[in-house]
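Peer 1: Below you'll find model30.pdb; it's PDB, C-alpha atoms.
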```pdb
ATOM      1  CA  MET A   1     132.599  80.254   4.901
ATOM      2  CA  ALA A   2     129.016  81.569   4.956
ATOM      3  CA  SER A   3     129.239  82.153   8.702
ATOM      4  CA  VAL A   4     132.365  84.325   8.213
ATOM      5  CA  SER A   5     130.551  86.488   5.593
ATOM      6  CA  SER A   6     127.492  86.844   7.855
ATOM      7  CA  SER A   7     129.531  87.888  10.859
ATOM      8  CA  THR A   8     131.539  90.311   8.706
ATOM      9  CA  LEU A   9     128.283  91.803   7.377
ATOM     10  CA  ILE A  10     126.891  92.105  10.906
ATOM     11  CA  LEU A  11     130.093  93.812  12.101
ATOM     12  CA  PHE A  12     130.040  96.112   9.073
ATOM     13  CA  ILE A  13     126.405  97.136   9.671
ATOM     14  CA  ALA A  14     127.082  97.609  13.390
ATOM     15  CA  SER A  15     130.153  99.761  12.781
ATOM     16  CA  ILE A  16     128.284 101.898  10.232
ATOM     17  CA  LEU A  17     125.404 102.349  12.689
ATOM     18  CA  VAL A  18     127.763 103.334  15.501
ATOM     19  CA  ALA A  19     129.630 105.759  13.214
ATOM     20  CA  ALA A  20     126.359 107.295  11.981
ATOM     21  CA  SER A  21     125.173 107.669  15.548
ATOM     22  CA  VAL A  22     128.420 109.373  16.602
ATOM     23  CA  ALA A  23     128.296 111.620  13.516
ATOM     24  CA  GLY A  24     124.661 112.562  14.220
ATOM     25  CA  THR A  25     125.385 113.428  17.835
ATOM     26  CA  MET A  26     128.426 115.430  16.816
ATOM     27  CA  THR A  27     126.635 117.490  14.124
ATOM     28  CA  ASN A  28     123.670 118.035  16.431
ATOM     29  CA  GLY A  29     125.979 119.327  19.180
ATOM     30  CA  VAL A  30     127.849 121.579  16.779
ATOM     31  CA  SER A  31     124.565 122.931  15.413
ATOM     32  CA  ARG A  32     123.329 123.806  18.926
ATOM     33  CA  LEU A  33     126.667 125.405  19.764
ATOM     34  CA  SER A  34     126.493 127.411  16.551
ATOM     35  CA  ASP A  35     122.951 128.643  17.327
ATOM     36  CA  ALA A  36     124.003 129.626  20.859
ATOM     37  CA  LEU A  37     127.050 131.462  19.516
ATOM     38  CA  GLY A  38     124.833 133.386  17.061
ATOM     39  CA  ASP A  39     122.341 134.367  19.783
ATOM     40  CA  ARG A  40     125.106 135.390  22.197
ATOM     41  CA  SER A  41     126.830 137.521  19.567
ATOM     42  CA  ILE A  42     123.540 139.374  18.896
ATOM     43  CA  ASP A  43     123.196 140.032  22.645
ATOM     44  CA  VAL A  44     126.799 141.222  22.967
ATOM     45  CA  SER A  45     126.412 143.420  19.870
ATOM     46  CA  ASN A  46     123.257 144.983  21.363
ATOM     47  CA  GLU A  47     125.072 145.601  24.644
ATOM     48  CA  ILE A  48     127.973 147.297  22.846
ATOM     49  CA  ARG A  49     125.631 149.423  20.713
ATOM     50  CA  THR A  50     123.558 150.555  23.698
ATOM     51  CA  ASP A  51     124.469 153.784  25.434
ATOM     52  CA  ILE A  52     122.169 156.203  27.227
ATOM     53  CA  ASP A  53     122.611 159.364  29.244
ATOM     54  CA  VAL A  54     120.287 160.816  31.842
ATOM     55  CA  ILE A  55     120.082 164.442  30.674
ATOM     56  CA  SER A  56     117.600 165.687  33.297
ATOM     57  CA  ASP A  57     118.612 168.811  35.177
ATOM     58  CA  PRO A  58     119.165 167.548  38.753
ATOM     59  CA  GLY A  59     118.751 171.039  40.196
ATOM     60  CA  SER A  60     115.369 171.724  38.634
ATOM     61  CA  ASP A  61     111.882 171.049  39.943
ATOM     62  CA  ALA A  62     111.068 169.022  36.812
ATOM     63  CA  VAL A  63     112.613 165.800  38.156
ATOM     64  CA  TYR A  64     110.200 165.273  41.051
ATOM     65  CA  SER A  65     106.614 166.447  41.140
ATOM     66  CA  ASP A  66     105.268 166.821  44.664
ATOM     67  CA  ALA A  67     101.710 167.231  43.407
ATOM     68  CA  GLU A  68     101.704 164.094  41.244
ATOM     69  CA  THR A  69     104.256 162.198  43.372
ATOM     70  CA  ASN A  70     106.238 161.032  40.397
ATOM     71  CA  VAL A  71     109.824 161.124  39.196
ATOM     72  CA  THR A  72     110.465 162.156  35.583
ATOM     73  CA  LEU A  73     113.762 161.275  33.940
ATOM     74  CA  LEU A  74     114.925 162.286  30.470
ATOM     75  CA  LEU A  75     117.031 159.571  28.827
ATOM     76  CA  LYS A  76     118.982 160.369  25.683
ATOM     77  CA  ASN A  77     119.966 157.559  23.352
ATOM     78  CA  THR A  78     123.689 158.165  22.757
ATOM     79  CA  GLY A  79     124.373 154.677  21.389
ATOM     80  CA  SER A  80     124.287 153.484  17.811
ATOM     81  CA  GLN A  81     120.976 151.665  17.615
ATOM     82  CA  THR A  82     117.276 152.310  18.143
ATOM     83  CA  LEU A  83     116.111 151.145  21.572
ATOM     84  CA  SER A  84     112.746 149.822  22.669
ATOM     85  CA  THR A  85     110.443 152.228  24.507
ATOM     86  CA  ASP A  86     108.589 149.389  26.206
ATOM     87  CA  PRO A  87     108.796 150.012  30.001
ATOM     88  CA  ASP A  88     109.406 146.266  30.439
ATOM     89  CA  THR A  89     112.787 146.613  28.720
ATOM     90  CA  LEU A  90     113.904 149.320  31.191
ATOM     91  CA  ASP A  91     114.910 148.645  34.760
ATOM     92  CA  ILE A  92     114.548 151.662  37.058
ATOM     93  CA  ILE A  93     115.727 151.532  40.635
ATOM     94  CA  ILE A  94     115.091 154.541  42.877
ATOM     95  CA  ASP A  95     116.811 154.607  46.267
ATOM     96  CA  GLY A  96     117.402 150.878  45.957
ATOM     97  CA  GLN A  97     113.767 150.027  45.265
ATOM     98  CA  TYR A  98     112.768 148.561  41.910
ATOM     99  CA  ALA A  99     110.155 150.688  40.140
ATOM    100  CA  THR A 100     107.156 148.828  38.755
ATOM    101  CA  ASP A 101     104.812 151.658  37.792
ATOM    102  CA  VAL A 102     106.747 153.100  34.865
ATOM    103  CA  SER A 103     105.490 154.862  31.744
ATOM    104  CA  THR A 104     107.496 156.132  28.772
ATOM    105  CA  ARG A 105     107.106 158.452  25.804
ATOM    106  CA  VAL A 106     109.483 159.795  23.197
ATOM    107  CA  VAL A 107     109.646 163.599  23.347
ATOM    108  CA  GLY A 108     110.416 166.003  20.527
ATOM    109  CA  GLU A 109     109.953 165.308  16.841
ATOM    110  CA  ASP A 110     111.055 161.675  16.966
ATOM    111  CA  THR A 111     108.617 158.793  17.105
ATOM    112  CA  ASP A 112     111.080 156.008  17.984
ATOM    113  CA  TRP A 113     113.809 156.098  20.591
ATOM    114  CA  GLU A 114     116.459 156.278  17.912
ATOM    115  CA  LYS A 115     120.012 157.602  18.150
ATOM    116  CA  GLY A 116     119.905 161.170  19.541
ATOM    117  CA  ALA A 117     116.223 160.943  20.587
ATOM    118  CA  VAL A 118     115.054 161.545  24.146
ATOM    119  CA  LEU A 119     112.766 159.256  26.119
ATOM    120  CA  GLU A 120     110.770 160.665  29.004
ATOM    121  CA  VAL A 121     110.343 158.092  31.749
ATOM    122  CA  THR A 122     107.806 158.709  34.496
ATOM    123  CA  VAL A 123     107.899 156.647  37.666
ATOM    124  CA  ASN A 124     105.125 156.872  40.237
ATOM    125  CA  ARG A 125     106.970 157.146  43.527
ATOM    126  CA  SER A 126     106.562 159.322  46.585
ATOM    127  CA  LEU A 127     109.860 160.787  47.821
ATOM    128  CA  GLY A 128     110.719 162.751  50.933
ATOM    129  CA  ASN A 129     113.026 165.757  51.156
ATOM    130  CA  GLY A 130     116.711 165.103  50.673
ATOM    131  CA  SER A 131     119.054 163.484  48.160
ATOM    132  CA  HIS A 132     117.884 160.583  46.033
ATOM    133  CA  ARG A 133     119.494 158.203  43.586
ATOM    134  CA  ALA A 134     117.984 156.698  40.443
ATOM    135  CA  VAL A 135     119.605 153.873  38.498
ATOM    136  CA  VAL A 136     118.493 153.118  34.936
ATOM    137  CA  ILE A 137     119.496 149.854  33.263
ATOM    138  CA  VAL A 138     118.991 149.239  29.539
ATOM    139  CA  ASN A 139     120.550 146.198  27.809
ATOM    140  CA  ASP A 140     122.955 145.790  30.742
ATOM    141  CA  HIS A 141     124.029 149.432  30.353
ATOM    142  CA  ARG A 142     123.749 151.191  33.700
ATOM    143  CA  GLU A 143     123.347 154.932  34.337
ATOM    144  CA  THR A 144     123.132 156.571  37.735
ATOM    145  CA  PHE A 145     121.410 159.911  38.389
ATOM    146  CA  GLU A 146     121.409 161.708  41.710
ATOM    147  CA  PHE A 147     119.020 164.535  42.506
ATOM    148  CA  ARG A 148     117.608 166.482  45.410
ATOM    149  CA  VAL A 149     113.997 167.039  46.406
TER     150      VAL A 149
ATOM    151  CA  MET B 150     136.814  94.289   8.727
ATOM    152  CA  GLY B 151     138.962  96.816   6.878
ATOM    153  CA  PHE B 152     135.994  98.048   4.914
ATOM    154  CA  SER B 153     133.971  98.575   8.125
ATOM    155  CA  VAL B 154     136.720 100.737   9.598
ATOM    156  CA  SER B 155     137.088 102.730   6.383
ATOM    157  CA  GLY B 156     133.307 103.262   6.062
ATOM    158  CA  SER B 157     132.936 104.344   9.689
ATOM    159  CA  ALA B 158     135.945 106.663   9.459
ATOM    160  CA  ALA B 159     134.551 108.211   6.268
ATOM    161  CA  ILE B 160     131.197 108.927   7.968
ATOM    162  CA  ILE B 161     132.872 110.485  11.019
ATOM    163  CA  PHE B 162     135.254 112.574   8.888
ATOM    164  CA  LEU B 163     132.336 113.803   6.780
ATOM    165  CA  ALA B 164     130.391 114.783   9.927
ATOM    166  CA  ALA B 165     133.479 116.514  11.360
ATOM    167  CA  PHE B 166     133.952 118.404   8.091
ATOM    168  CA  VAL B 167     130.298 119.549   8.001
ATOM    169  CA  GLY B 168     130.425 120.450  11.722
ATOM    170  CA  PHE B 169     133.580 122.505  11.288
ATOM    171  CA  GLY B 170     132.001 124.343   8.335
ATOM    172  CA  VAL B 171     128.880 125.209  10.332
ATOM    173  CA  LEU B 172     130.883 126.286  13.384
ATOM    174  CA  TYR B 173     133.353 128.349  11.359
ATOM    175  CA  THR B 174     130.554 130.213   9.520
ATOM    176  CA  SER B 175     128.761 130.918  12.772
ATOM    177  CA  ALA B 176     131.926 132.045  14.568
ATOM    178  CA  TYR B 177     132.917 134.285  11.658
ATOM    179  CA  ASN B 178     129.450 135.919  11.490
ATOM    180  CA  SER B 179     129.465 136.432  15.271
ATOM    181  CA  PHE B 180     132.901 138.023  15.142
ATOM    182  CA  GLU B 181     131.794 140.319  12.280
ATOM    183  CA  LEU B 182     128.674 141.410  14.194
ATOM    184  CA  ILE B 183     130.590 142.228  17.375
ATOM    185  CA  ASP B 184     133.478 143.838  15.472
ATOM    186  CA  THR B 185     131.083 146.179  13.589
ATOM    187  CA  ALA B 186     129.354 147.111  16.855
ATOM    188  CA  ALA B 187     132.728 147.791  18.510
ATOM    189  CA  ASP B 188     133.778 149.967  15.543
ATOM    190  CA  ASP B 189     130.572 152.016  15.812
ATOM    191  CA  ARG B 190     131.091 152.356  19.564
ATOM    192  CA  GLU B 191     134.651 153.520  18.993
ATOM    193  CA  THR B 192     133.422 156.152  16.498
ATOM    194  CA  ASP B 193     130.826 157.372  19.019
ATOM    195  CA  LEU B 194     133.422 157.547  21.796
ATOM    196  CA  LEU B 195     135.773 159.507  19.546
ATOM    197  CA  GLY B 196     132.937 161.934  18.745
ATOM    198  CA  GLN B 197     132.178 162.233  22.454
ATOM    199  CA  GLN B 198     135.819 162.974  23.305
ATOM    200  CA  ASN B 199     135.960 165.625  20.573
ATOM    201  CA  THR B 200     132.730 167.321  21.658
ATOM    202  CA  GLU B 201     132.703 170.472  23.729
ATOM    203  CA  ILE B 202     130.169 173.284  23.824
ATOM    204  CA  GLU B 203     129.841 176.567  25.657
ATOM    205  CA  ILE B 204     126.827 178.777  26.172
ATOM    206  CA  VAL B 205     128.018 182.209  24.984
ATOM    207  CA  ALA B 206     124.741 184.097  25.413
ATOM    208  CA  ALA B 207     121.405 183.467  27.082
ATOM    209  CA  GLU B 208     118.514 185.905  27.094
ATOM    210  CA  ALA B 209     115.025 185.668  28.532
ATOM    211  CA  PHE B 210     112.398 188.143  27.307
ATOM    212  CA  SER B 211     109.445 188.559  29.632
ATOM    213  CA  SER B 212     107.784 190.927  27.124
ATOM    214  CA  ASN B 213     107.032 188.125  24.655
ATOM    215  CA  ASP B 214     107.841 185.049  26.807
ATOM    216  CA  THR B 215     110.770 183.935  24.738
ATOM    217  CA  VAL B 216     114.132 182.435  25.649
ATOM    218  CA  ARG B 217     117.086 182.659  23.279
ATOM    219  CA  VAL B 218     120.299 180.703  23.808
ATOM    220  CA  THR B 219     123.459 180.925  21.748
ATOM    221  CA  VAL B 220     125.881 178.031  22.056
ATOM    222  CA  GLU B 221     129.331 177.746  20.528
ATOM    223  CA  ASN B 222     130.774 174.476  19.299
ATOM    224  CA  THR B 223     134.183 174.684  20.986
ATOM    225  CA  GLY B 224     135.060 171.078  20.241
ATOM    226  CA  SER B 225     136.668 169.629  17.148
ATOM    227  CA  THR B 226     133.818 167.614  15.653
ATOM    228  CA  GLU B 227     130.619 168.455  13.804
ATOM    229  CA  LEU B 228     127.359 168.188  15.745
ATOM    230  CA  GLY B 229     123.811 167.542  14.576
ATOM    231  CA  VAL B 230     121.435 170.462  15.136
ATOM    232  CA  ASN B 231     118.382 168.191  15.288
ATOM    233  CA  GLU B 232     120.042 165.983  17.913
ATOM    234  CA  THR B 233     120.837 168.946  20.182
ATOM    235  CA  ASP B 234     118.373 169.309  23.044
ATOM    236  CA  LEU B 235     117.322 172.306  25.083
ATOM    237  CA  LEU B 236     116.016 172.042  28.641
ATOM    238  CA  LEU B 237     114.545 175.044  30.436
ATOM    239  CA  ASN B 238     114.118 174.569  34.176
ATOM    240  CA  GLY B 239     114.549 170.859  33.494
ATOM    241  CA  THR B 240     111.666 170.720  30.994
ATOM    242  CA  TYR B 241     112.408 169.398  27.523
ATOM    243  CA  GLN B 242     111.689 171.948  24.779
ATOM    244  CA  ALA B 243     110.194 169.967  21.951
ATOM    245  CA  ASP B 244     110.480 172.317  19.049
ATOM    246  CA  PRO B 245     112.832 175.288  19.448
ATOM    247  CA  SER B 246     113.663 177.250  16.316
ATOM    248  CA  THR B 247     117.335 176.814  15.469
ATOM    249  CA  SER B 248     119.775 178.742  13.363
ATOM    250  CA  VAL B 249     123.452 178.150  12.719
ATOM    251  CA  GLU B 250     125.655 181.211  12.279
ATOM    252  CA  ASP B 251     126.373 181.809   8.556
ATOM    253  CA  ALA B 252     124.301 178.753   7.550
ATOM    254  CA  THR B 253     120.751 179.344   8.764
ATOM    255  CA  ASP B 254     119.124 176.161   7.447
ATOM    256  CA  SER B 255     122.045 173.840   8.110
ATOM    257  CA  SER B 256     121.442 170.704  10.120
ATOM    258  CA  LEU B 257     125.166 170.576  10.903
ATOM    259  CA  TRP B 258     126.842 172.682  13.507
ATOM    260  CA  LEU B 259     130.579 172.826  12.807
ATOM    261  CA  PRO B 260     133.486 173.598  15.174
ATOM    262  CA  GLY B 261     133.736 177.316  15.901
ATOM    263  CA  GLU B 262     130.161 178.031  14.802
ATOM    264  CA  ASN B 263     127.396 179.400  16.994
ATOM    265  CA  LEU B 264     123.989 177.750  17.221
ATOM    266  CA  THR B 265     121.085 179.919  18.309
ATOM    267  CA  MET B 266     118.033 178.232  19.788
ATOM    268  CA  GLU B 267     114.877 180.178  20.496
ATOM    269  CA  THR B 268     111.681 178.960  22.068
ATOM    270  CA  SER B 269     108.501 180.216  23.685
ATOM    271  CA  TYR B 270     108.628 179.866  27.451
ATOM    272  CA  THR B 271     106.787 181.586  30.275
ATOM    273  CA  VAL B 272     109.494 183.807  31.708
ATOM    274  CA  SER B 273     109.366 184.424  35.463
ATOM    275  CA  GLY B 274     112.366 184.446  37.744
ATOM    276  CA  THR B 275     115.676 182.762  37.086
ATOM    277  CA  ILE B 276     115.665 180.174  34.315
ATOM    278  CA  ARG B 277     118.007 177.184  34.354
ATOM    279  CA  ILE B 278     119.223 176.431  30.830
ATOM    280  CA  LYS B 279     120.790 173.155  29.823
ATOM    281  CA  VAL B 280     121.911 172.332  26.289
ATOM    282  CA  VAL B 281     122.758 168.707  25.490
ATOM    283  CA  THR B 282     124.541 167.527  22.342
ATOM    284  CA  GLU B 283     124.009 164.245  20.480
ATOM    285  CA  HIS B 284     126.861 162.616  22.426
ATOM    286  CA  GLY B 285     125.398 163.628  25.790
ATOM    287  CA  ILE B 286     127.900 166.431  26.435
ATOM    288  CA  ALA B 287     126.031 169.299  28.095
ATOM    289  CA  ALA B 288     126.444 172.967  29.005
ATOM    290  CA  PHE B 289     124.576 174.797  31.742
ATOM    291  CA  GLU B 290     123.713 178.434  32.403
ATOM    292  CA  GLU B 291     121.269 180.457  34.465
ATOM    293  CA  VAL B 292     119.562 183.547  33.134
ATOM    294  CA  THR B 293     117.406 186.193  34.748
ATOM    295  CA  PRO B 294     115.060 188.324  32.615
TER     296      PRO B 294
END
```
Now that the file is in, can you turn its structure into structure tokens?
Peer 2:
Amino acid sequence: MASVSSSTLILFIASILVAASVAGTMTNGVSRLSDALGDRSIDVSNEIRTDIDVISDPGSDAVYSDAETNVTLLLKNTGSQTLSTDPDTLDIIIDGQYATDVSTRVVGEDTDWEKGAVLEVTVNRSLGNGSHRAVVIVNDHRETFEFRV
Amino acid sequence: MGFSVSGSAAIIFLAAFVGFGVLYTSAYNSFELIDTAADDRETDLLGQQNTEIEIVAAEAFSSNDTVRVTVENTGSTELGVNETDLLLNGTYQADPSTSVEDATDSSLWLPGENLTMETSYTVSGTIRIKVVTEHGIAAFEEVTP
């Protein structure tokens, strides 16, 4: 009789342990999924809220400076959130080549690159005569600007 | 044996219940965040579609190195004066003086109204003028003093 009770107790403890283990794994997985979903939704929200326009005048001499061998682009924030002015958060590609020497500053009365504000981006790059193409990528939002030197 | 099954089932059901609660809250918050962003985007796009401007007058005065531009809001939405940008020969003009017709100090520029922007600029030769609204809609004109 005692052996039946012992084996029942052992089976009970084992089943509880297995159930607890399954429950722990399940809640842990759900928690990780929930965190990932939260992070992804923030990213998607940022992508939706991001919109920029290159407002530089392509026919003017202000885009490319021969003397300083740099390209200056004016980017207007036409989205619905303030964007970072850190050059590391901007990807600039000129004529298919990724630009590494990039500096930024907010022009006008604004201090942050908020909605409606304009960011001046200067890229050190020597260009020859002819047509050129600059691509600006911010938060997966891509803008193309073509100009002539 | 029956008690073991019941206990184990209770633990798993409890974990499933807690897991569903966590996942539902997270999914709902994520949906809300994306839905709000999409609504804002839709509002911006509507504003962009309803925006149209036209440069009705542009003058460059070499006597006092001043450029004056008058732009009409020919769209059907209000525009922010402070978010309207002026480029002269591609150079951003940081602080032009602005004045809305019939409402000098207004920061809003309503449909049908004229906005006059005036700024100091060294006038020599033809000047390329570009006016850009808050939604990125632009108008272009050339003026010779």
Peer 1: For Asn124 (chain A), which of A:Val102, A:Ile94, A:Val136, A:Lys76 is the closest residue, counting only C-alpha atoms?
Peer 2: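 Nearest candidate to Asn124 (chain A) out of A:Val102, A:Ile94, A:Val136, A:Lys76: A:Val102.
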Peer 1: May I have the residues within 8 Å of Glu232 (chain B) as a list in words, using all atoms listed in the file and disregarding those fewer than 4 positions away in the same chain?
Peer 2: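 Answer for this query is Gly116 and Ala117 of chain A; Leu228, Thr282 and Glu283 of chain B.
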Peer 1: Identify all residues satisfying the ChimeraX specification (/B :<8) & /A in the given file; provide them as a PyMOL selection string.
Peer 2: chain A and resi 8+11-13+15-16+18-20+22-24+26-27+30-31+33-35+37-38+41-42+44-46+48-49+53+55-63+76+78-80+107-109+116-117
Peer 1: Around region 232-245 of chain B, with edges along x, y and z and 4 Å added on all six sides, what centre and edge lengths do you get, in Å to one decimal, as lines of an AutoDock Vina configuration file?
Peer 2:
```
center_x = 115.5
center_y = 170.6
center_z = 26.0
size_x = 18.6
size_y = 17.3
size_z = 24.3
```
Peer 1: If you measure from CA of Val220 (chain B) to CA of Thr111 (chain A), what distance in Å do you get, rounded to one decimal?
Peer 2: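 According to the coordinates, CA of Val220 (chain B) and CA of Thr111 (chain A) are separated by 26.3 Å.
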Peer 1: If the PyMOL selection byres ((chain A and resi 96-99) around 9) is run on the structure shown, which residues does it catch, given as a list of chain:residue names?
Peer 2: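 Selected by the PyMOL selection byres ((chain A and resi 96-99) around 9) here: A:Asp91, A:Ile92, A:Ile93, A:Ile94, A:Asp95, A:Thr100, A:Asp101, A:Val102, A:Val123, A:Asn124, A:Arg125, A:Arg133, A:Ala134, A:Val135.
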Peer 1: Please evaluate the PyMOL selection byres ((chain B and resi 216) around 6) against the displayed coordinates and give the resulting residues as a ChimeraX atom specification.
Peer 2: /B:208-209,215,217,267-268
Peer 1: Considering only C-alpha atoms, state which residue in the set A:Arg32, A:Leu73, A:Leu90, A:Ser65 is at the smallest distance from Asn129 (chain A).
Peer 2: A:Ser65
Peer 1: Of the candidates B:Glu291, B:Glu203, B:Glu221, B:Asp214, which one gets nearest to Glu250 (chain B) if we count only C-alpha atoms?
Peer 2: B:Glu221
Peer 1: May I ask for the distance between CA of Val138 (chain A) and CA of Glu47 (chain A), given in Å to one decimal place?
Peer 2: 8.6 Å
Peer 1: In Å, rounded to a single decimal, give me how far CA of Met266 (chain B) is from CA of Ser248 (chain B).
Peer 2: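 According to the coordinates, CA of Ser248 (chain B) and CA of Met266 (chain B) are separated by 6.7 Å.
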Peer 1: B:Asp251, B:Ser225, B:Ala288, B:Thr219: which is nearest Thr265 (chain B), counting all atoms listed in the file?
Peer 2: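 The shortest atom-to-atom distance to Thr265 (chain B) comes from B:Thr219.
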Peer 1: Show me, as a list in words, the residues that have an atom within 6 Å of Asn222 (chain B) when counting all atoms listed in the file, minus same-chain residues fewer than 2 positions from it.
Peer 2: Ile202, Gly224, Pro260, Gly261 and Glu262 of chain B
Peer 1: I'd like the neighbourhood of Thr275 (chain B) as a PyMOL selection string, where a residue qualifies if any of its atoms comes within 8 Å (using all atoms listed in the file), though same-chain residues fewer than 6 positions away should be ignored.
Peer 2: chain B and resi 291-294
Peer 1: For a quick check of understanding, using only C-alpha atoms, which of A:Ser3, A:Thr50, A:Asn28, A:Asn77 has the smallest distance to Asp110 (chain A)?
Peer 2: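 Checking each candidate against Asp110 (chain A), we get A:Asn77 as the closest.
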